[in-house]
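Working notes, beginning with the structure itself.
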Amino acid sequence: MIVETERLQLREFSADDLDSIYELVYADSVVKDAWSGRQGTPEEIKRAFAEEWIAPDSEYGLKALVLKETGSLVGLMGFQRHMSDEDMSWLALESHPGHKVGGDPAFIEAELTYALGRSYWGNGYATEMGEKLVEFGFTSLGIHRIINGVRSNNDRSIGLMRRLGFRIEENNASTPPGINGILDTNIPSVYP
Ligand SMILES: CC(C)(COP(=O)(O)OP(=O)(O)OC[C@H]1O[C@@H](n2cnc3c(N)ncnc32)[C@H](O)[C@@H]1OP(=O)(O)O)[C@@H](O)C(=O)NCCC(=O)NCCS
């Protein structure tokens, strides 16, 4: 899968990206703690990342975000679908009480995941690709609702979601307190 914007390309990860993606989004605790609970040595984290995200044969999952001009890896983005067999007790929608996120296989709910190396923040890269991915998710992947659960103090992620048009509300299940960003512009009339 390849998605392009003016300055950026989103493509599949390859083995050549492993050291760089580790340095960008796992070795820096400011970035890692905001998006991933993955534990382990660098080798363990890289091995798990390779098993999950290199050649996954799916349009879902984490993809490599690169600058078109230089080919430099700046981070990762992608959709992660919430599945009915997943423990979703950490994510409860204030606007849809009682609804189990991902609980209906015919109703596609996904998270838009993103993490950029800190030196690449402040350039509008996540907004630029995020806008394109939201359109891609709704039209090509047929996603019905995008839901991001984040910590209440993640101002940059919340700012990005606001720029992308997400509605921000409380995460009713979250401890410590969290918020949800929700984009539900593609809901079939049979769903609330
Ligand atoms: C969330 C994250 C991707 C946001 O990065 P970001 O750089 O703030 O967002 P963008 O790439 O959209 O850039 C927007 C910033 O670039 C600036 N900018 C510069 N040039 C720009 C341009 N051409 N177009 C748009 N914005 C531009 C904007 O003014 C804005 O700056 P500001 O926040 O100081 O006002 C990043 O902080 C991150 O990776 N965080 C750690 C991981 C994480 O939290 N993931 C989510 C877990 S839920």
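We label chains A, B, ... in the order they appear in the structure tokens, count residues from 1 in each chain, and number ligands from 1 in the order shown.
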
>> Within 6 Å of ligand 1 (counting only C-alpha atoms and all ligand atoms), which residues show up? I'd like them as a list in words.
In response: Val31, Ala34, Trp35, Tyr114, Ala115, Leu116, Trp121, Gly122, Asn123, Gly124, Tyr125, Ala126, Thr127, Val150, Arg156, Ser157 and Leu160 of chain A

File dump, residues just selected, N, CA and C atoms, as an mmCIF file, in the first residue's frame:
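Final output, selection-v2.cif:
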data_model
loop_
_atom_site.group_PDB
_atom_site.id
_atom_site.type_symbol
_atom_site.label_atom_id
_atom_site.label_comp_id
_atom_site.auth_asym_id
_atom_site.auth_seq_id
_atom_site.Cartn_x
_atom_site.Cartn_y
_atom_site.Cartn_z
ATOM 1 N N VAL A 31 8.416 10.119 23.183
ATOM 2 C CA VAL A 31 7.548 9.643 22.096
ATOM 3 C C VAL A 31 6.914 8.313 22.492
ATOM 4 N N ALA A 34 4.017 8.049 25.019
ATOM 5 C CA ALA A 34 2.749 8.631 24.563
ATOM 6 C C ALA A 34 1.921 7.657 23.727
ATOM 7 N N TRP A 35 2.580 6.645 23.132
ATOM 8 C CA TRP A 35 1.790 5.842 22.185
ATOM 9 C C TRP A 35 1.915 4.338 22.353
ATOM 10 N N TYR A 114 -0.489 7.172 15.273
ATOM 11 C CA TYR A 114 0.611 7.979 14.716
ATOM 12 C C TYR A 114 1.669 8.218 15.780
ATOM 13 N N ALA A 115 2.916 8.194 15.358
ATOM 14 C CA ALA A 115 4.041 8.562 16.213
ATOM 15 C C ALA A 115 5.176 9.011 15.295
ATOM 16 N N LEU A 116 5.629 10.245 15.513
ATOM 17 C CA LEU A 116 6.712 10.796 14.702
ATOM 18 C C LEU A 116 7.926 11.045 15.587
ATOM 19 N N TRP A 121 8.572 16.912 14.652
ATOM 20 C CA TRP A 121 7.341 17.573 15.093
ATOM 21 C C TRP A 121 7.375 19.042 14.634
ATOM 22 N N GLY A 122 6.197 19.631 14.527
ATOM 23 C CA GLY A 122 6.115 21.070 14.252
ATOM 24 C C GLY A 122 6.251 21.450 12.786
ATOM 25 N N ASN A 123 6.125 20.492 11.909
ATOM 26 C CA ASN A 123 6.210 20.765 10.469
ATOM 27 C C ASN A 123 4.895 20.512 9.725
ATOM 28 N N GLY A 124 3.886 20.094 10.459
ATOM 29 C CA GLY A 124 2.608 19.801 9.813
ATOM 30 C C GLY A 124 2.562 18.460 9.103
ATOM 31 N N TYR A 125 3.563 17.611 9.328
ATOM 32 C CA TYR A 125 3.594 16.322 8.612
ATOM 33 C C TYR A 125 2.411 15.419 9.019
ATOM 34 N N ALA A 126 2.131 15.347 10.329
ATOM 35 C CA ALA A 126 1.055 14.443 10.782
ATOM 36 C C ALA A 126 -0.300 14.945 10.283
ATOM 37 N N THR A 127 -0.473 16.257 10.245
ATOM 38 C CA THR A 127 -1.734 16.814 9.724
ATOM 39 C C THR A 127 -1.873 16.497 8.231
ATOM 40 N N VAL A 150 -6.720 8.626 23.992
ATOM 41 C CA VAL A 150 -5.415 9.178 24.361
ATOM 42 C C VAL A 150 -5.443 9.696 25.789
ATOM 43 N N ARG A 156 -0.357 17.474 22.050
ATOM 44 C CA ARG A 156 -0.047 17.460 20.620
ATOM 45 C C ARG A 156 -0.979 16.519 19.863
ATOM 46 N N SER A 157 -1.254 15.354 20.460
ATOM 47 C CA SER A 157 -2.161 14.421 19.797
ATOM 48 C C SER A 157 -3.578 15.004 19.741
ATOM 49 N N LEU A 160 -3.651 17.619 17.085
ATOM 50 C CA LEU A 160 -3.706 16.998 15.759
ATOM 51 C C LEU A 160 -5.123 16.518 15.461
#

>> Taking only segment 102-165 of chain A into account, list the residues labelled helix (DSSP H, G or I) by DSSP (computed from the backbone), as a ChimeraX atom specification.
In response: /A:118-120,125-139,155-163

> Quick one: residues within 10 Å of segment 43-57 of chain A, only C-alpha atoms counted, chain neighbours fewer than 4 positions away excluded, as a ChimeraX atom specification?
Replying inline: /A:1,12-15,17-19,21-22,26,38-39,61-64

Those selected residues, please, written with C-alpha atoms and delivered as a PDB file, in the first residue's frame.
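Result went into part36.pdb, see below:
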ATOM      1  CA  MET A   1       0.000   0.000   0.000  1.00  0.00           C
ATOM      2  CA  GLU A  12       5.056  -0.595   3.944  1.00  0.00           C
ATOM      3  CA  PHE A  13       7.905  -1.071   6.418  1.00  0.00           C
ATOM      4  CA  SER A  14      10.971  -3.026   5.308  1.00  0.00           C
ATOM      5  CA  ALA A  15      13.777  -4.617   7.333  1.00  0.00           C
ATOM      6  CA  ASP A  17      13.659   0.627   8.524  1.00  0.00           C
ATOM      7  CA  LEU A  18      13.955  -1.297  11.786  1.00  0.00           C
ATOM      8  CA  ASP A  19      16.888   0.553  13.373  1.00  0.00           C
ATOM      9  CA  ILE A  21      11.956   3.348  13.541  1.00  0.00           C
ATOM     10  CA  TYR A  22      13.308   2.039  16.847  1.00  0.00           C
ATOM     11  CA  TYR A  26      10.827   3.617  20.885  1.00  0.00           C
ATOM     12  CA  ARG A  38       5.657  -2.232  24.434  1.00  0.00           C
ATOM     13  CA  GLN A  39       8.337  -3.519  26.820  1.00  0.00           C
ATOM     14  CA  GLY A  61      -1.541  -1.703  10.552  1.00  0.00           C
ATOM     15  CA  LEU A  62       1.469   0.514  11.002  1.00  0.00           C
ATOM     16  CA  LYS A  63       3.080   1.980   7.888  1.00  0.00           C
ATOM     17  CA  ALA A  64       6.283   3.963   7.354  1.00  0.00           C
TER      18      ALA A  64
END

>> Ranking A:Glu111, A:Glu128, A:Asp184, A:Glu59 by minimum distance to Asn148 of chain A and counting only C-alpha atoms, which one comes first?
In response: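 That would be A:Glu111, the residue with the smallest distance to Asn148 of chain A.
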
>> Residues within 12 Å of Asp104 of chain A, please, as an NGL selection string. Count only C-alpha atoms; anything in the same chain fewer than 6 positions from it doesn't count.
In response: :A and (81-86 or 144 or 191)

> Taking into account only C-alpha atoms, which residue in the set A:Arg7, A:Arg167, A:Lys100, A:Lys68 is nearest to Ile146 of chain A?
Replying inline: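 Ranked by minimum distance to Ile146 of chain A, first place goes to A:Arg167.
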
>> With distances taken over only C-alpha atoms, which residue among A:Asn154, A:Gln80, A:Ser72, A:Asn180 lies nearest Leu141 of chain A?
In response: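 Using only C-alpha atoms, the shortest distance to Leu141 of chain A belongs to A:Gln80.
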
> In terms of the shortest atom-to-atom distance over only C-alpha atoms, which of A:Ser140, A:Gly130, A:Asn153, A:Thr113 is closest to Gly165 of chain A?
Replying inline: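 Counting only C-alpha atoms, the residue closest to Gly165 of chain A is A:Gly130.
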
>> Could you tell me how far atom CA of Leu67 of chain A sits from atom CA of Leu8 of chain A, in Å to one decimal place?
In response: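 Interatomic distance here is 4.8 Å.
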
> Pick from A:Lys132, A:Arg151, A:Leu93, A:Leu76: nearest to Gly117 of chain A, with only C-alpha atoms counted?
Replying inline: A:Leu76

Could you give me the residues within segment 6-191 of chain A that DSSP places in strand (DSSP E), as a PDB file with C-alpha atoms, in the first residue's frame?
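Final output, states-v6.pdb:
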ATOM      1  CA  LEU A   8       5.103  12.685   2.210  1.00  0.00           C
ATOM      2  CA  GLN A   9       4.705   9.059   1.328  1.00  0.00           C
ATOM      3  CA  LEU A  10       3.198   6.308   3.465  1.00  0.00           C
ATOM      4  CA  ARG A  11       4.528   2.882   2.516  1.00  0.00           C
ATOM      5  CA  LYS A  63       3.080   1.980   7.888  1.00  0.00           C
ATOM      6  CA  ALA A  64       6.283   3.963   7.354  1.00  0.00           C
ATOM      7  CA  LEU A  65       5.966   7.730   6.940  1.00  0.00           C
ATOM      8  CA  VAL A  66       8.793   9.113   4.792  1.00  0.00           C
ATOM      9  CA  LEU A  67       9.752  12.462   3.287  1.00  0.00           C
ATOM     10  CA  LEU A  73      11.825   7.997   7.700  1.00  0.00           C
ATOM     11  CA  VAL A  74       9.986  10.404  10.017  1.00  0.00           C
ATOM     12  CA  GLY A  75       7.750   7.977  11.911  1.00  0.00           C
ATOM     13  CA  LEU A  76       4.708   5.761  11.543  1.00  0.00           C
ATOM     14  CA  MET A  77       1.017   6.095  10.870  1.00  0.00           C
ATOM     15  CA  GLY A  78      -1.818   3.731  10.072  1.00  0.00           C
ATOM     16  CA  PHE A  79      -5.204   2.339  11.018  1.00  0.00           C
ATOM     17  CA  GLN A  80      -5.611  -0.373  13.629  1.00  0.00           C
ATOM     18  CA  ARG A  81      -9.021  -2.013  13.536  1.00  0.00           C
ATOM     19  CA  GLU A 109     -14.233   0.971  14.052  1.00  0.00           C
ATOM     20  CA  ALA A 110     -10.534   1.765  13.920  1.00  0.00           C
ATOM     21  CA  GLU A 111      -7.873   3.822  15.613  1.00  0.00           C
ATOM     22  CA  LEU A 112      -5.719   6.199  13.596  1.00  0.00           C
ATOM     23  CA  THR A 113      -2.285   5.552  15.098  1.00  0.00           C
ATOM     24  CA  TYR A 114       0.611   7.979  14.716  1.00  0.00           C
ATOM     25  CA  ALA A 115       4.041   8.562  16.213  1.00  0.00           C
ATOM     26  CA  LEU A 116       6.712  10.796  14.702  1.00  0.00           C
ATOM     27  CA  ARG A 145     -15.964   5.323  12.813  1.00  0.00           C
ATOM     28  CA  ILE A 146     -12.435   6.395  13.774  1.00  0.00           C
ATOM     29  CA  ILE A 147     -11.778   6.433  17.534  1.00  0.00           C
ATOM     30  CA  ASN A 148      -8.536   7.419  19.223  1.00  0.00           C
ATOM     31  CA  GLY A 149      -8.188   6.947  22.971  1.00  0.00           C
ATOM     32  CA  VAL A 150      -5.415   9.178  24.361  1.00  0.00           C
ATOM     33  CA  ARG A 151      -4.192  10.486  27.698  1.00  0.00           C
ATOM     34  CA  ARG A 167     -14.831  15.465  18.156  1.00  0.00           C
ATOM     35  CA  ILE A 168     -13.193  15.345  21.600  1.00  0.00           C
ATOM     36  CA  GLU A 169     -14.996  13.775  24.570  1.00  0.00           C
ATOM     37  CA  GLU A 170     -14.253  11.961  27.834  1.00  0.00           C
ATOM     38  CA  ASN A 171     -13.114   8.338  27.806  1.00  0.00           C
ATOM     39  CA  GLY A 178      -8.282   9.964  29.213  1.00  0.00           C
ATOM     40  CA  ILE A 179     -10.108  11.468  26.304  1.00  0.00           C
ATOM     41  CA  ASN A 180     -11.397  10.076  23.043  1.00  0.00           C
ATOM     42  CA  GLY A 181     -11.198  11.667  19.647  1.00  0.00           C
ATOM     43  CA  ILE A 182     -14.043  10.521  17.429  1.00  0.00           C
ATOM     44  CA  LEU A 183     -14.696  10.963  13.727  1.00  0.00           C
TER      45      LEU A 183
END

> Nearest to Val101 of chain A: which of A:Glu4, A:Ala173, A:Val25, A:Lys32 is it, counting only C-alpha atoms?
Replying inline: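 Between A:Glu4, A:Ala173, A:Val25, A:Lys32, the residue approaching Val101 of chain A most closely is A:Ala173.
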
>> Would you compute the distance between atom CA of Pro177 of chain A and atom CA of Asp28 of chain A? Give it in Å to one decimal.
In response: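 The value is 23.6 Å.
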
> So how far away is atom CA of Asn172 of chain A from atom CA of Ala92 of chain A, in Å?
Replying inline: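 Atom-to-atom, atom CA of Ala92 of chain A to atom CA of Asn172 of chain A, that is 5.1 Å.
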